[in-house]
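Participant: As input, take run.cif (mmCIF, C-alpha atoms):
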```cif
data_work
#
loop_
_atom_site.label_atom_id
_atom_site.label_comp_id
_atom_site.auth_asym_id
_atom_site.auth_seq_id
_atom_site.Cartn_x
_atom_site.Cartn_y
_atom_site.Cartn_z
CA MET G 1 -192.50 -42.20 -42.86
CA LEU G 2 -190.63 -38.95 -42.23
CA GLU G 3 -192.59 -35.89 -41.16
CA PRO G 4 -192.67 -33.95 -44.47
CA LEU G 5 -190.65 -30.74 -44.64
CA THR G 6 -189.51 -30.91 -40.99
CA GLN G 7 -187.51 -34.15 -40.74
CA PHE G 8 -184.51 -34.78 -42.95
CA VAL G 9 -181.87 -37.41 -43.65
CA CYS G 10 -178.30 -36.32 -42.89
CA ASP G 11 -176.19 -36.19 -46.04
CA CYS G 12 -173.14 -37.21 -44.04
CA CYS G 13 -174.14 -40.10 -41.76
CA GLY G 14 -177.49 -41.09 -43.34
CA GLN G 15 -179.29 -40.90 -39.98
CA LEU G 16 -182.55 -39.09 -39.28
CA ILE G 17 -182.49 -35.43 -38.30
CA GLU G 18 -185.50 -35.49 -35.97
CA LYS G 19 -186.21 -31.77 -35.86
CA PRO G 20 -184.90 -28.61 -37.52
CA GLN G 21 -183.02 -27.59 -34.35
CA ASP G 22 -180.87 -30.73 -34.79
CA GLY G 23 -179.73 -29.82 -38.30
CA TYR G 24 -177.49 -27.53 -40.31
CA VAL G 25 -177.48 -26.54 -43.95
CA GLU G 26 -174.06 -26.18 -45.52
CA TRP G 27 -172.65 -25.41 -48.94
CA THR G 28 -169.45 -24.25 -50.55
CA ASN G 29 -168.74 -21.09 -52.52
CA GLU G 30 -166.12 -21.56 -55.20
CA PRO G 31 -164.83 -18.67 -57.31
CA ASP G 32 -165.81 -18.96 -60.96
CA PRO G 33 -162.57 -19.03 -63.01
CA VAL G 34 -164.04 -16.74 -65.69
CA SER G 35 -166.13 -14.15 -63.84
CA GLY G 36 -164.52 -14.32 -60.41
CA GLN G 37 -168.02 -14.47 -58.89
CA PHE G 38 -168.55 -16.97 -56.11
CA ILE G 39 -170.69 -19.91 -57.18
CA ALA G 40 -172.58 -21.98 -54.60
CA GLY G 41 -172.57 -25.76 -54.74
CA GLN G 42 -172.32 -29.00 -52.80
CA PHE G 43 -175.52 -28.26 -50.86
CA ARG G 44 -176.03 -30.53 -47.88
CA ILE G 45 -178.30 -31.00 -44.90
CA VAL G 46 -176.38 -32.41 -41.96
CA HIS G 47 -176.67 -32.89 -38.21
CA HIS G 48 -175.90 -29.98 -35.93
CA TYR G 49 -172.59 -30.63 -34.16
CA ASN G 50 -174.32 -31.37 -30.82
CA ALA G 51 -176.90 -33.69 -32.40
CA SER G 52 -174.47 -35.68 -34.57
CA PRO G 53 -174.34 -39.42 -33.94
CA LEU G 54 -170.73 -39.40 -35.21
CA GLN G 55 -168.03 -39.08 -32.59
CA THR G 56 -165.33 -37.82 -34.94
CA PHE G 57 -163.75 -34.36 -34.67
CA ALA G 58 -165.82 -32.82 -37.50
CA ARG G 59 -168.96 -34.82 -36.66
CA CYS G 60 -171.32 -34.48 -39.63
CA TYR G 61 -169.62 -31.38 -41.08
CA PRO G 62 -167.70 -32.74 -44.08
CA TYR G 63 -166.80 -29.23 -45.22
CA SER G 64 -165.52 -28.08 -41.82
CA HIS G 65 -162.02 -27.42 -43.20
CA HIS G 66 -163.12 -26.17 -46.61
CA PRO G 67 -161.92 -22.57 -47.02
CA ASP G 68 -165.14 -21.48 -48.74
CA ARG G 69 -167.63 -23.32 -46.51
CA ASN G 70 -170.89 -21.62 -45.57
CA SER G 71 -173.54 -22.86 -43.21
CA MET G 72 -176.72 -21.92 -41.42
CA GLU G 73 -178.76 -23.59 -38.73
CA LEU G 74 -181.53 -25.61 -40.34
CA TYR G 75 -184.33 -24.03 -38.33
CA GLU G 76 -183.11 -20.54 -39.37
CA PHE G 77 -182.84 -21.65 -42.99
CA LEU G 78 -186.45 -22.90 -42.87
CA LYS G 79 -187.66 -19.78 -41.07
CA PHE G 80 -186.58 -17.61 -44.01
CA LEU G 81 -186.85 -20.28 -46.71
CA PRO G 82 -188.01 -18.14 -49.68
CA GLN G 83 -185.31 -15.53 -49.06
CA ASN G 84 -182.60 -18.16 -48.52
CA LEU G 85 -183.43 -20.17 -51.63
CA THR G 86 -183.86 -17.20 -53.96
CA PHE G 87 -180.58 -15.68 -52.75
CA PHE G 88 -178.74 -18.46 -54.56
CA LEU G 89 -180.51 -17.55 -57.79
CA ASP G 90 -180.08 -13.80 -57.50
CA THR G 91 -178.34 -11.78 -54.80
CA GLY G 92 -180.74 -8.89 -55.29
CA TYR G 93 -180.76 -5.21 -56.15
CA ILE G 94 -178.02 -4.10 -53.76
CA SER G 95 -175.22 -6.27 -55.15
CA ASN G 96 -176.63 -6.55 -58.67
CA PRO G 97 -178.30 -3.18 -59.47
CA GLU G 98 -178.02 -3.67 -63.25
CA ARG G 99 -180.05 -6.88 -62.83
CA GLU G 100 -177.57 -8.89 -64.88
CA SER G 101 -178.15 -12.59 -65.13
CA ILE G 102 -175.33 -13.99 -63.03
CA SER G 103 -175.33 -17.66 -62.15
CA GLN G 104 -174.94 -18.16 -58.43
CA VAL G 105 -175.30 -21.96 -58.54
CA ALA G 106 -172.75 -24.43 -59.90
CA ASN G 107 -175.16 -27.28 -60.66
CA TYR G 108 -178.85 -26.52 -61.21
CA ALA G 109 -179.96 -30.17 -61.01
CA GLU G 110 -178.31 -30.47 -57.60
CA PHE G 111 -179.88 -27.17 -56.52
CA ALA G 112 -183.33 -28.25 -57.78
CA ASP G 113 -183.17 -31.34 -55.59
CA PHE G 114 -182.01 -29.17 -52.69
CA ILE G 115 -185.09 -26.96 -53.18
CA ARG G 116 -187.37 -30.00 -53.44
CA ARG G 117 -186.11 -31.29 -50.09
CA PHE G 118 -187.54 -28.16 -48.44
CA THR G 119 -190.67 -27.62 -50.53
CA VAL G 120 -192.07 -30.90 -51.89
CA PRO G 121 -193.77 -33.11 -49.29
CA TYR G 122 -192.31 -36.65 -49.12
CA PHE G 123 -189.48 -35.90 -51.55
CA GLU G 124 -186.86 -36.11 -48.79
CA GLN G 125 -187.58 -39.76 -48.10
CA ALA G 126 -188.65 -40.88 -51.58
CA ARG G 127 -185.45 -39.56 -53.20
CA LEU G 128 -183.49 -42.20 -51.30
CA PHE G 129 -185.34 -44.88 -53.26
CA PHE G 130 -185.09 -43.28 -56.73
CA PRO G 131 -182.07 -45.31 -57.97
CA ARG G 132 -183.66 -48.58 -56.85
CA ALA G 133 -187.07 -47.56 -58.21
CA ARG G 134 -185.48 -46.84 -61.61
CA ARG G 135 -183.65 -50.20 -61.63
CA GLU G 136 -186.88 -52.04 -60.79
CA GLY G 137 -188.87 -50.16 -63.46
CA LEU G 138 -191.10 -48.45 -60.92
CA LEU G 139 -190.57 -45.01 -62.50
CA GLU G 140 -191.80 -46.04 -65.95
CA GLY G 141 -194.83 -44.05 -67.00
CA TYR G 142 -194.02 -41.06 -64.83
CA ASN G 143 -192.85 -37.73 -66.22
CA GLU G 144 -190.93 -34.78 -64.79
CA ILE G 145 -194.09 -33.44 -63.14
CA SER G 146 -195.88 -36.57 -61.98
CA LEU G 147 -192.78 -38.00 -60.29
CA TYR G 148 -192.86 -35.17 -57.75
CA MET G 149 -196.58 -35.35 -56.97
CA GLU G 150 -197.30 -36.11 -53.32
CA HIS G 151 -199.23 -39.32 -54.04
CA THR G 152 -196.44 -40.63 -56.28
CA LEU G 153 -193.74 -39.95 -53.70
CA LYS G 154 -195.80 -41.60 -50.96
CA TYR G 155 -196.33 -44.61 -53.22
CA ILE G 156 -192.57 -44.96 -53.80
CA ILE G 157 -191.88 -44.76 -50.06
CA GLU G 158 -194.58 -47.31 -49.25
CA TYR G 159 -193.45 -49.61 -52.04
CA PHE G 160 -189.98 -49.91 -50.54
CA THR G 161 -190.84 -49.78 -46.85
CA GLN G 162 -193.99 -51.93 -46.59
CA PRO G 163 -194.98 -55.40 -47.78
CA ARG G 164 -195.28 -55.61 -51.58
CA GLU G 165 -199.05 -55.69 -52.11
CA HIS G 166 -199.15 -52.41 -54.01
CA LYS G 167 -200.98 -51.23 -57.04
CA THR G 168 -199.86 -48.26 -59.04
CA PRO G 169 -201.43 -44.99 -57.92
#
```
In structure tokens, how does this file's structure come out?
Facilitator:
Amino acid sequence: MLEPLTQFVCDCCGQLIEKPQDGYVEWTNEPDPVSGQFIAGQFRIVHHYNASPLQTFARCYPYSHHPDRNSMELYEFLKFLPQNLTFFLDTGYISNPERESISQVANYAEFADFIRRFTVPYFEQARLFFPRARREGLLEGYNEISLYMEHTLKYIIEYFTQPREHKTP
């Protein structure tokens, strides 16, 4: 089982990011065609260039040539996690003094999962099994809250990684 909230799965190569110093967080900022504001999207956790198992030019940086690519070292992102996550929801009083509601995120479902990866223990590993768990009926009976409870996520991980002698939690 992954160490919750400190080990991650690379969104590029699918390999384990052992420790925050081996990872990077990256996203794109695309201009909104209506407002002209930059909207963040395509959030990813990837290997740091030096820790990447890929030997290609870009390593695990799929957005390396994207003109509106942004990134931050994973350990720095985690160090200031509340500030970094809330920045995407609201840039703050300096750039938005009228406190207008301006969307900074292109896809809120994608962003919610991005937040869960950093804040919900065991979500990072369990999310990899969600499509299979749905197909096999394992998610029946859970709701939008109970699915993200620690014991439920651990159960999903154990169900797919250990011998099948499980009872529902």
Participant: Between atom CA of Leu81 of chain G and atom CA of Thr6 of chain G, what is the distance, to one decimal in Å?
Facilitator: 12.4 Å
Participant: Could you tell me which residues the PyMOL selection byres ((chain G and resi 21) around 10) grabs in this file, written as a PDB file with C-alpha atoms, in the coordinates of the input?
Facilitator:
```
ATOM      1  CA  THR G   6    -189.510 -30.910 -40.990  1.00  0.00           C
ATOM      2  CA  ILE G  17    -182.490 -35.430 -38.300  1.00  0.00           C
ATOM      3  CA  GLU G  18    -185.500 -35.490 -35.970  1.00  0.00           C
ATOM      4  CA  LYS G  19    -186.210 -31.770 -35.860  1.00  0.00           C
ATOM      5  CA  PRO G  20    -184.900 -28.610 -37.520  1.00  0.00           C
ATOM      6  CA  ASP G  22    -180.870 -30.730 -34.790  1.00  0.00           C
ATOM      7  CA  GLY G  23    -179.730 -29.820 -38.300  1.00  0.00           C
ATOM      8  CA  TYR G  24    -177.490 -27.530 -40.310  1.00  0.00           C
ATOM      9  CA  HIS G  47    -176.670 -32.890 -38.210  1.00  0.00           C
ATOM     10  CA  HIS G  48    -175.900 -29.980 -35.930  1.00  0.00           C
ATOM     11  CA  ALA G  51    -176.900 -33.690 -32.400  1.00  0.00           C
ATOM     12  CA  GLU G  73    -178.760 -23.590 -38.730  1.00  0.00           C
ATOM     13  CA  LEU G  74    -181.530 -25.610 -40.340  1.00  0.00           C
ATOM     14  CA  TYR G  75    -184.330 -24.030 -38.330  1.00  0.00           C
ATOM     15  CA  GLU G  76    -183.110 -20.540 -39.370  1.00  0.00           C
TER      16      GLU G  76
END
```
Participant: To one decimal place, how far is atom CA of Ala126 of chain G from atom CA of Thr152 of chain G in Å?
Facilitator: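 For atom CA of Ala126 of chain G relative to atom CA of Thr152 of chain G, the distance reads 9.1 Å.
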Participant: Quick one: everything within 9 Å of Leu16 of chain G, counting only C-alpha atoms, minus sequence neighbours fewer than 6 positions away in the same chain. Send it as a list in words.
Facilitator: Leu2, Gln7, Phe8, Val9, Cys10 and His47 of chain G
Participant: Would you output that residue set with C-alpha atoms, as a PDB file, keeping the file's coordinate frame?
Facilitator:
```pdb
ATOM      1  CA  LEU G   2    -190.630 -38.950 -42.230  1.00  0.00           C
ATOM      2  CA  GLN G   7    -187.510 -34.150 -40.740  1.00  0.00           C
ATOM      3  CA  PHE G   8    -184.510 -34.780 -42.950  1.00  0.00           C
ATOM      4  CA  VAL G   9    -181.870 -37.410 -43.650  1.00  0.00           C
ATOM      5  CA  CYS G  10    -178.300 -36.320 -42.890  1.00  0.00           C
ATOM      6  CA  HIS G  47    -176.670 -32.890 -38.210  1.00  0.00           C
TER       7      HIS G  47
END
```
Participant: With the file shown as input, list the residues that the PyMOL selection byres ((chain G and resi 34-42) around 9) selects, as a PyMOL selection string.
Facilitator: chain G and resi 26-33+43-44+88+102-107+110-111
Participant: Can you patch up segment 5-23 of chain G, filling it in to N, CA, C and O atoms, and show the result as a CSV table (one decimal), in the coordinates of the input?
Facilitator:
```
chain,number,residue,atom,x,y,z
G,5,LEU,N,-191.2,-32.1,-44.7
G,5,LEU,CA,-190.6,-30.7,-44.6
G,5,LEU,C,-190.1,-30.3,-43.3
G,5,LEU,O,-189.8,-29.2,-43.1
G,6,THR,N,-190.1,-31.2,-42.3
G,6,THR,CA,-189.5,-30.9,-41.0
G,6,THR,C,-188.5,-31.9,-40.5
G,6,THR,O,-187.6,-31.6,-39.7
G,7,GLN,N,-188.5,-33.1,-41.0
G,7,GLN,CA,-187.5,-34.2,-40.7
G,7,GLN,C,-186.7,-34.4,-42.0
G,7,GLN,O,-187.3,-34.4,-43.1
G,8,PHE,N,-185.4,-34.6,-41.8
G,8,PHE,CA,-184.5,-34.8,-43.0
G,8,PHE,C,-183.5,-35.9,-42.7
G,8,PHE,O,-183.4,-36.4,-41.6
G,9,VAL,N,-182.9,-36.4,-43.8
G,9,VAL,CA,-181.9,-37.4,-43.6
G,9,VAL,C,-180.5,-36.7,-43.8
G,9,VAL,O,-180.3,-36.0,-44.8
G,10,CYS,N,-179.6,-37.0,-42.9
G,10,CYS,CA,-178.3,-36.3,-42.9
G,10,CYS,C,-177.5,-36.8,-44.1
G,10,CYS,O,-177.4,-38.0,-44.3
G,11,ASP,N,-177.0,-35.9,-44.9
G,11,ASP,CA,-176.2,-36.2,-46.0
G,11,ASP,C,-174.8,-36.7,-45.7
G,11,ASP,O,-174.1,-37.2,-46.6
G,12,CYS,N,-174.4,-36.7,-44.4
G,12,CYS,CA,-173.1,-37.2,-44.0
G,12,CYS,C,-173.3,-38.6,-43.5
G,12,CYS,O,-172.6,-39.5,-44.0
G,13,CYS,N,-174.1,-38.8,-42.4
G,13,CYS,CA,-174.1,-40.1,-41.8
G,13,CYS,C,-175.3,-40.9,-42.2
G,13,CYS,O,-175.4,-42.1,-41.9
G,14,GLY,N,-176.3,-40.3,-42.9
G,14,GLY,CA,-177.5,-41.1,-43.3
G,14,GLY,C,-178.5,-41.3,-42.3
G,14,GLY,O,-179.5,-42.0,-42.5
G,15,GLN,N,-178.3,-40.8,-41.1
G,15,GLN,CA,-179.3,-40.9,-40.0
G,15,GLN,C,-180.4,-39.8,-40.0
G,15,GLN,O,-180.2,-38.8,-40.7
G,16,LEU,N,-181.4,-40.0,-39.3
G,16,LEU,CA,-182.6,-39.1,-39.3
G,16,LEU,C,-182.2,-37.8,-38.5
G,16,LEU,O,-181.6,-37.9,-37.4
G,17,ILE,N,-182.5,-36.7,-39.0
G,17,ILE,CA,-182.5,-35.4,-38.3
G,17,ILE,C,-183.9,-35.2,-37.8
G,17,ILE,O,-184.8,-34.9,-38.6
G,18,GLU,N,-184.1,-35.5,-36.5
G,18,GLU,CA,-185.5,-35.5,-36.0
G,18,GLU,C,-186.2,-34.2,-36.1
G,18,GLU,O,-187.4,-34.2,-36.4
G,19,LYS,N,-185.5,-33.1,-35.8
G,19,LYS,CA,-186.2,-31.8,-35.9
G,19,LYS,C,-185.2,-30.7,-36.4
G,19,LYS,O,-184.0,-30.9,-36.3
G,20,PRO,N,-185.8,-29.6,-36.9
G,20,PRO,CA,-184.9,-28.6,-37.5
G,20,PRO,C,-183.8,-28.1,-36.6
G,20,PRO,O,-182.7,-27.8,-37.0
G,21,GLN,N,-184.0,-28.1,-35.3
G,21,GLN,CA,-183.0,-27.6,-34.4
G,21,GLN,C,-181.8,-28.5,-34.3
G,21,GLN,O,-180.8,-28.1,-33.8
G,22,ASP,N,-182.0,-29.8,-34.8
G,22,ASP,CA,-180.9,-30.7,-34.8
G,22,ASP,C,-180.1,-30.7,-36.1
G,22,ASP,O,-179.2,-31.6,-36.3
G,23,GLY,N,-180.4,-29.8,-37.0
G,23,GLY,CA,-179.7,-29.8,-38.3
G,23,GLY,C,-179.0,-28.5,-38.7
G,23,GLY,O,-179.2,-27.5,-38.0
```
